[in-house]
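Heads up: the structure comes next, in structure tokens.
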Amino acid sequence: MKKSLIIAAALALAPTFAAAESFQEAFEMNRAMYGTDHTFAWNGKQYTTTHEEEVEARVKPTKANAEALIAKAEAKNKEVAELGFEWKLTRGIIKDAKAAVAEGEYQKALDLAAQAKYHARIGIAQYHYAQKNWHLSVPQ
Amino acid sequence: MGLTLAAASQVTSAADSGFNLETVDPEADRIALQKYFKARFPESEISDYVNGIYAVDAASREQWEELEEFPPYEFDVEKGEELFNTPFANGKGYADCFENGGIGIRQNYPYWNKEEGTVKTLEQEINECREANGEKPLKWGKGEIAQVSAYMAWTSRDKEFDIQIPTDDKRAMAAYLDGKKFFYAKRGQLNLSCANCHVQGTNIAIRADLPSPQLGHVTHFPVFRSKWGELGTLHRRYSGCHKDSRSNPLKPQAERLRNLEYFQTYMSNGLIANGPGARK
């Protein structure tokens with residue numbers, strides 16, 4: 001009797017566990033499936049799959065706006081470098097963004113700066129993940 | 001119910017040991033790593049891991065054994081011996097800087113230097129020797145430093161690594177733990193840790209390459225890599241690995257990389273020095 005009750009409870013709870021998806025998981029799945037600017041629902045609310053850097057790049061393509069976003073990318077990259085988790089391509093992307101400004105290609109510069117800032121931001125997230133989880137693959 | 005909880009707590013305590021300064025146990029790490037590889041590759045002898053991927057992949061080994069018939073590092077060892085024995089401008093030489101005249105000592109590196117409060121590597125002390133005698137330091141990755149190191153490794157062949165972590169200086173254990181953490185932390189755009197390739201990924205193809213096992217990783221350095229077409233140091237290899245995972249590498253001989261070498265070499269305690277080596 002007891003055994004059958006446990007099995008019934010487990011079956012009843014299974015869909016609840018399957019549905020328990022974090023916002024990050026929902027965001028990443030929708031982003032991977034539909035790309036940017038897709039609207040999805042999570043816990044009864046609507047969200048979009050746009051990265052914050054993509055929003056930052058959607059300003060008027062002027063020299064001042066491009067330089068401001070490049071400065072943000074540089075600051076973020078300095079932050080991740082100090083943590084020892086800088087990605088390999090980021091400095092080159094920032095360099096390309098500056099070259100685009102010099103050429104007067106401000107939208108290109110904004111897009112590149114956004115990409116560099118995204119790299120740095122995810123590198124910082126990676127650092128924090130590593131602090132909590134590095135031990136998981138140590139053989140015991 | 002009680003039994004279940006007791007069993008669960010045992011699993012938990014086993015699984016979270018060794019990850020902070022209070023619990024880290026280098027010897028338990030070393031034994032666990034050996035057990036891991038023994039389970040993964042039961043046919044391979046632990047002592048053979050000094051040969052890297054050739055300990056676990058028969059096809060690669062066949063090619064490597066043919067390569068070793070005329071070792072590509074041979075000329076570098078000869079050049080290294082010549083450099084080692086050429087006096088500095090002040091008349092002194094490398095032999096004056098090292099214990100036992102620098103012969104047969106590779107297996108003692110890296111070591112914890114209590115006075116300086118840091119891990120010292122062989123290449124680091126080669127350059128310190130030069131500077132102490134009025135010579136310019138050599139570049140870290142290749143060329144003369146790798147050749148001198150190769151000669152010193154050659155004179156140390158078959159000697160067992162027995163890296164010590166002094167218990168009277170907590171900083172030594174902190175350096176070991178830092179190296180261990182570095183090895184297991186994911187980094188770079190490809191989100192890979194050293195362990196992803198060299199523990200879990202050992203002998204699993206990454207395109208055309210088969211990653212080598214972490215056990216025995218450092219014993220054969222410096223190495224002549226066919227890809228490089230020349231001899232290179234361990235820290236040059238570290239840079240390459242990090243670039244491969246799209247991480248911006250630390251500078252050779254940076255403290256964290258020396259800590260990494262300290263951890264990795266401790267994992268190879270009991271194995272013999274067999275550098276220089278030849279690798280793909």
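Identifiers for the structure tokens are assigned positionally: chains receive A, B, ... in sequence, residues are indexed from 1 per chain, and ligands are indexed from 1 in the order shown.
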
Q: Please determine the contact residues of chain A with respect to chain B at a cut-off of 8 Å, counting only C-alpha atoms, and supply them as a list in words.
A: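 Per the criterion, chain A yields Gly84, Phe85, Glu86, Trp87, Lys88, Leu89, His119, Gly123, Gln126, Tyr127, Ala130, Gln131, Asn133, Trp134, His135, Ser137, Val138, Pro139 and Gln140 of chain A.
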
Could you take the residues named above and write them with C-alpha atoms, as a compact mmCIF listing (two decimals), in the first residue's frame?
# COMPACT_ATOMS: atom_id res chain seq x y z
CA GLY A 84 42.11 35.95 -14.99
CA PHE A 85 39.23 34.93 -17.25
CA GLU A 86 39.72 37.18 -20.27
CA TRP A 87 38.78 35.61 -23.60
CA LYS A 88 41.26 35.48 -26.44
CA LEU A 89 39.48 37.46 -29.14
CA HIS A 119 32.45 38.42 -24.32
CA GLY A 123 33.73 35.77 -19.03
CA GLN A 126 32.16 32.11 -16.21
CA TYR A 127 34.55 33.15 -13.43
CA ALA A 130 34.02 28.38 -11.82
CA GLN A 131 34.33 29.56 -8.21
CA ASN A 133 31.63 24.52 -9.50
CA TRP A 134 35.30 23.87 -10.30
CA HIS A 135 35.35 20.88 -7.97
CA SER A 137 35.02 17.25 -12.25
CA VAL A 138 37.75 16.34 -9.76
CA PRO A 139 38.10 12.54 -9.63
CA GLN A 140 37.29 11.16 -6.18

Q) Any idea what's packed within 10 Å of segment 203-214 of chain B, counting only C-alpha atoms, ignoring anything in its chain fewer than 4 positions away? Could you give it as a list in words? A) Leu33, Gln34, Phe37, Phe41, Tyr49, Val50, Asn51, Gly52, Ile53, Tyr54, Ala55, Val56, Asp57, Ser60, Phe183, Cys194, Ala195, Asn196, Cys197, His198, Val199, Val218, Gln264, Thr265, Met267, Ser268 and Lys280 of chain B

Restrict the selected residues to N, CA and C atoms and save them as an mmCIF file, in the first residue's frame.
data_model
loop_
_atom_site.group_PDB
_atom_site.id
_atom_site.type_symbol
_atom_site.label_atom_id
_atom_site.label_comp_id
_atom_site.auth_asym_id
_atom_site.auth_seq_id
_atom_site.Cartn_x
_atom_site.Cartn_y
_atom_site.Cartn_z
ATOM 1 N N LEU B 33 43.406 10.190 -8.926
ATOM 2 C CA LEU B 33 43.682 10.373 -10.357
ATOM 3 C C LEU B 33 44.200 9.068 -10.975
ATOM 4 N N GLN B 34 45.082 8.397 -10.240
ATOM 5 C CA GLN B 34 45.592 7.108 -10.738
ATOM 6 C C GLN B 34 44.452 6.103 -10.887
ATOM 7 N N PHE B 37 42.363 6.821 -13.987
ATOM 8 C CA PHE B 37 42.946 6.375 -15.258
ATOM 9 C C PHE B 37 43.044 4.856 -15.336
ATOM 10 N N PHE B 41 41.497 3.135 -18.507
ATOM 11 C CA PHE B 41 42.389 2.407 -19.417
ATOM 12 C C PHE B 41 43.056 1.258 -18.662
ATOM 13 N N TYR B 49 52.450 6.122 -18.092
ATOM 14 C CA TYR B 49 51.811 7.418 -18.363
ATOM 15 C C TYR B 49 52.829 8.539 -18.597
ATOM 16 N N VAL B 50 54.083 8.281 -18.291
ATOM 17 C CA VAL B 50 55.112 9.285 -18.613
ATOM 18 C C VAL B 50 55.192 9.483 -20.128
ATOM 19 N N ASN B 51 54.607 8.555 -20.875
ATOM 20 C CA ASN B 51 54.633 8.650 -22.336
ATOM 21 C C ASN B 51 53.374 9.292 -22.916
ATOM 22 N N GLY B 52 52.591 9.931 -22.045
ATOM 23 C CA GLY B 52 51.446 10.712 -22.508
ATOM 24 C C GLY B 52 50.416 9.879 -23.245
ATOM 25 N N ILE B 53 49.925 10.408 -24.350
ATOM 26 C CA ILE B 53 48.863 9.747 -25.113
ATOM 27 C C ILE B 53 49.318 8.366 -25.599
ATOM 28 N N TYR B 54 50.637 8.201 -25.736
ATOM 29 C CA TYR B 54 51.162 6.925 -26.251
ATOM 30 C C TYR B 54 51.003 5.791 -25.234
ATOM 31 N N ALA B 55 50.630 6.152 -24.010
ATOM 32 C CA ALA B 55 50.363 5.123 -23.003
ATOM 33 C C ALA B 55 48.987 4.501 -23.207
ATOM 34 N N VAL B 56 48.096 5.240 -23.888
ATOM 35 C CA VAL B 56 46.712 4.762 -23.974
ATOM 36 C C VAL B 56 46.205 4.566 -25.400
ATOM 37 N N ASP B 57 46.953 5.011 -26.392
ATOM 38 C CA ASP B 57 46.481 4.856 -27.778
ATOM 39 C C ASP B 57 47.535 4.111 -28.605
ATOM 40 N N SER B 60 48.789 5.655 -32.086
ATOM 41 C CA SER B 60 49.700 6.795 -31.914
ATOM 42 C C SER B 60 51.057 6.304 -31.412
ATOM 43 N N PHE B 183 43.397 24.045 -12.753
ATOM 44 C CA PHE B 183 43.292 22.898 -13.652
ATOM 45 C C PHE B 183 41.840 22.504 -13.916
ATOM 46 N N CYS B 194 41.211 22.566 -18.171
ATOM 47 C CA CYS B 194 42.297 21.641 -18.535
ATOM 48 C C CYS B 194 41.764 20.210 -18.427
ATOM 49 N N ALA B 195 40.980 19.971 -17.345
ATOM 50 C CA ALA B 195 40.477 18.621 -17.074
ATOM 51 C C ALA B 195 39.513 18.125 -18.147
ATOM 52 N N ASN B 196 38.742 19.031 -18.732
ATOM 53 C CA ASN B 196 37.786 18.601 -19.759
ATOM 54 C C ASN B 196 38.489 17.836 -20.874
ATOM 55 N N CYS B 197 39.692 18.302 -21.227
ATOM 56 C CA CYS B 197 40.444 17.612 -22.287
ATOM 57 C C CYS B 197 41.356 16.519 -21.729
ATOM 58 N N HIS B 198 42.001 16.799 -20.589
ATOM 59 C CA HIS B 198 43.089 15.923 -20.150
ATOM 60 C C HIS B 198 42.721 14.978 -19.000
ATOM 61 N N VAL B 199 41.448 15.021 -18.565
ATOM 62 C CA VAL B 199 40.952 13.982 -17.647
ATOM 63 C C VAL B 199 39.778 13.305 -18.361
ATOM 64 N N VAL B 218 53.704 16.226 -17.080
ATOM 65 C CA VAL B 218 54.859 17.133 -17.045
ATOM 66 C C VAL B 218 56.201 16.408 -17.110
ATOM 67 N N GLN B 264 50.329 19.876 -11.036
ATOM 68 C CA GLN B 264 50.449 18.817 -12.053
ATOM 69 C C GLN B 264 51.622 17.887 -11.767
ATOM 70 N N THR B 265 52.721 18.467 -11.303
ATOM 71 C CA THR B 265 53.898 17.629 -11.066
ATOM 72 C C THR B 265 53.678 16.745 -9.835
ATOM 73 N N MET B 267 50.933 15.451 -9.040
ATOM 74 C CA MET B 267 50.110 14.348 -9.558
ATOM 75 C C MET B 267 50.984 13.263 -10.198
ATOM 76 N N SER B 268 52.191 13.634 -10.637
ATOM 77 C CA SER B 268 53.088 12.661 -11.277
ATOM 78 C C SER B 268 54.138 12.120 -10.318
ATOM 79 N N LYS B 280 53.375 14.968 -30.924
ATOM 80 C CA LYS B 280 52.814 15.337 -32.236
ATOM 81 C C LYS B 280 52.775 16.832 -32.434
#

Could you list, as a PDB file with C-alpha atoms, in the first residue's frame, every residue within 12 Å of Thr62 of chain A, counting only C-alpha atoms and ignoring same-chain residues fewer than 6 positions away?
ATOM      1  CA  ALA A  68      30.958  55.344 -25.421  1.00  0.00           C
ATOM      2  CA  LEU A  69      30.134  51.678 -26.051  1.00  0.00           C
ATOM      3  CA  ALA A 100      35.703  51.187 -37.596  1.00  0.00           C
ATOM      4  CA  VAL A 101      35.264  54.491 -35.724  1.00  0.00           C
ATOM      5  CA  ALA A 102      38.358  55.836 -37.495  1.00  0.00           C
ATOM      6  CA  GLY A 104      33.509  56.517 -39.901  1.00  0.00           C
ATOM      7  CA  GLU A 105      31.652  53.184 -39.799  1.00  0.00           C
ATOM      8  CA  TYR A 106      29.821  53.868 -36.568  1.00  0.00           C
ATOM      9  CA  GLN A 107      27.189  51.121 -36.734  1.00  0.00           C
ATOM     10  CA  LYS A 108      29.913  48.557 -37.359  1.00  0.00           C
ATOM     11  CA  ALA A 109      31.836  49.981 -34.406  1.00  0.00           C
ATOM     12  CA  LEU A 110      28.747  49.743 -32.184  1.00  0.00           C
TER      13      LEU A 110
END

Q.
At a cut-off of 8 Å, using only C-alpha atoms, what residues contact Arg258 of chain B? Leave out same-chain residues fewer than 2 positions from it and give the result as an MDAnalysis selection string.
A. chainID B and resid 110 119:121 179 253:256 260:262

Pull N, CA and C atoms from the residues just selected and write them as a CSV table (one decimal), in the first residue's frame.
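Written file, selection_15.csv:
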chain,number,residue,atom,x,y,z
B,110,PRO,N,58.9,21.5,-10.0
B,110,PRO,CA,59.0,22.7,-9.2
B,110,PRO,C,59.0,22.4,-7.7
B,119,VAL,N,56.4,29.2,-5.6
B,119,VAL,CA,56.8,28.0,-6.3
B,119,VAL,C,57.9,28.4,-7.3
B,120,LYS,N,59.0,27.6,-7.3
B,120,LYS,CA,60.1,27.9,-8.2
B,120,LYS,C,60.1,26.7,-9.2
B,121,THR,N,60.3,27.2,-10.5
B,121,THR,CA,60.4,26.2,-11.6
B,121,THR,C,61.9,26.1,-12.1
B,179,GLY,N,46.7,25.8,-7.9
B,179,GLY,CA,47.0,25.0,-9.2
B,179,GLY,C,45.9,24.0,-9.5
B,253,GLN,N,55.5,31.6,-16.8
B,253,GLN,CA,56.0,31.7,-15.4
B,253,GLN,C,55.3,32.7,-14.5
B,254,ALA,N,54.0,33.0,-14.9
B,254,ALA,CA,53.2,33.8,-14.0
B,254,ALA,C,52.9,32.9,-12.8
B,255,GLU,N,52.7,33.5,-11.6
B,255,GLU,CA,52.5,32.7,-10.4
B,255,GLU,C,51.5,31.6,-10.5
B,256,ARG,N,50.4,31.9,-11.2
B,256,ARG,CA,49.3,30.9,-11.3
B,256,ARG,C,49.7,29.7,-12.1
B,260,LEU,N,50.1,25.9,-11.1
B,260,LEU,CA,49.5,24.8,-11.9
B,260,LEU,C,50.6,23.7,-12.2
B,261,GLU,N,51.8,24.1,-12.4
B,261,GLU,CA,52.9,23.2,-12.6
B,261,GLU,C,53.2,22.4,-11.3
B,262,TYR,N,53.0,23.1,-10.2
B,262,TYR,CA,53.3,22.4,-8.9
B,262,TYR,C,52.2,21.3,-8.7

Q: Identify all residues of segment 12-135 of chain A in strand (DSSP E or B) (DSSP on the backbone) and supply them as a list in words.
A: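 DSSP-assigned strand (DSSP E or B) residues in segment 12-135 of chain A: Thr39, Phe40, Ala41, Trp42, Lys45, Gln46, Tyr47, Thr48 and Trp87 of chain A.
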
Please write the residues from the selection above to a file, keeping N, CA and C atoms, as a PDB file, in the first residue's frame.
ATOM      1  N   THR A  39      10.152  36.687 -28.591  1.00  0.00           N
ATOM      2  CA  THR A  39       9.413  36.822 -27.328  1.00  0.00           C
ATOM      3  C   THR A  39       9.031  35.428 -26.809  1.00  0.00           C
ATOM      4  N   PHE A  40       9.259  35.236 -25.525  1.00  0.00           N
ATOM      5  CA  PHE A  40       8.883  33.948 -24.926  1.00  0.00           C
ATOM      6  C   PHE A  40       8.259  34.197 -23.545  1.00  0.00           C
ATOM      7  N   ALA A  41       7.500  33.201 -23.109  1.00  0.00           N
ATOM      8  CA  ALA A  41       6.843  33.324 -21.805  1.00  0.00           C
ATOM      9  C   ALA A  41       7.600  32.501 -20.778  1.00  0.00           C
ATOM     10  N   TRP A  42       7.740  33.068 -19.591  1.00  0.00           N
ATOM     11  CA  TRP A  42       8.350  32.324 -18.479  1.00  0.00           C
ATOM     12  C   TRP A  42       7.651  32.735 -17.192  1.00  0.00           C
ATOM     13  N   LYS A  45       5.051  35.516 -17.511  1.00  0.00           N
ATOM     14  CA  LYS A  45       5.404  36.843 -18.028  1.00  0.00           C
ATOM     15  C   LYS A  45       6.115  36.716 -19.369  1.00  0.00           C
ATOM     16  N   GLN A  46       6.109  37.812 -20.119  1.00  0.00           N
ATOM     17  CA  GLN A  46       6.740  37.817 -21.439  1.00  0.00           C
ATOM     18  C   GLN A  46       8.156  38.410 -21.355  1.00  0.00           C
ATOM     19  N   TYR A  47       9.068  37.770 -22.051  1.00  0.00           N
ATOM     20  CA  TYR A  47      10.460  38.256 -22.121  1.00  0.00           C
ATOM     21  C   TYR A  47      10.935  38.162 -23.566  1.00  0.00           C
ATOM     22  N   THR A  48      12.056  38.855 -23.865  1.00  0.00           N
ATOM     23  CA  THR A  48      12.639  38.707 -25.208  1.00  0.00           C
ATOM     24  C   THR A  48      14.047  38.116 -25.091  1.00  0.00           C
ATOM     25  N   TRP A  87      38.835  36.449 -22.399  1.00  0.00           N
ATOM     26  CA  TRP A  87      38.779  35.606 -23.598  1.00  0.00           C
ATOM     27  C   TRP A  87      39.786  36.104 -24.631  1.00  0.00           C
TER      28      TRP A  87
END

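With only C-alpha atoms as the atoms that count, the minimum distance from Asp158 of chain B to the choices B:Leu231, B:Ile105, B:Leu138, B:Ala59 is reached by B:Ile105.
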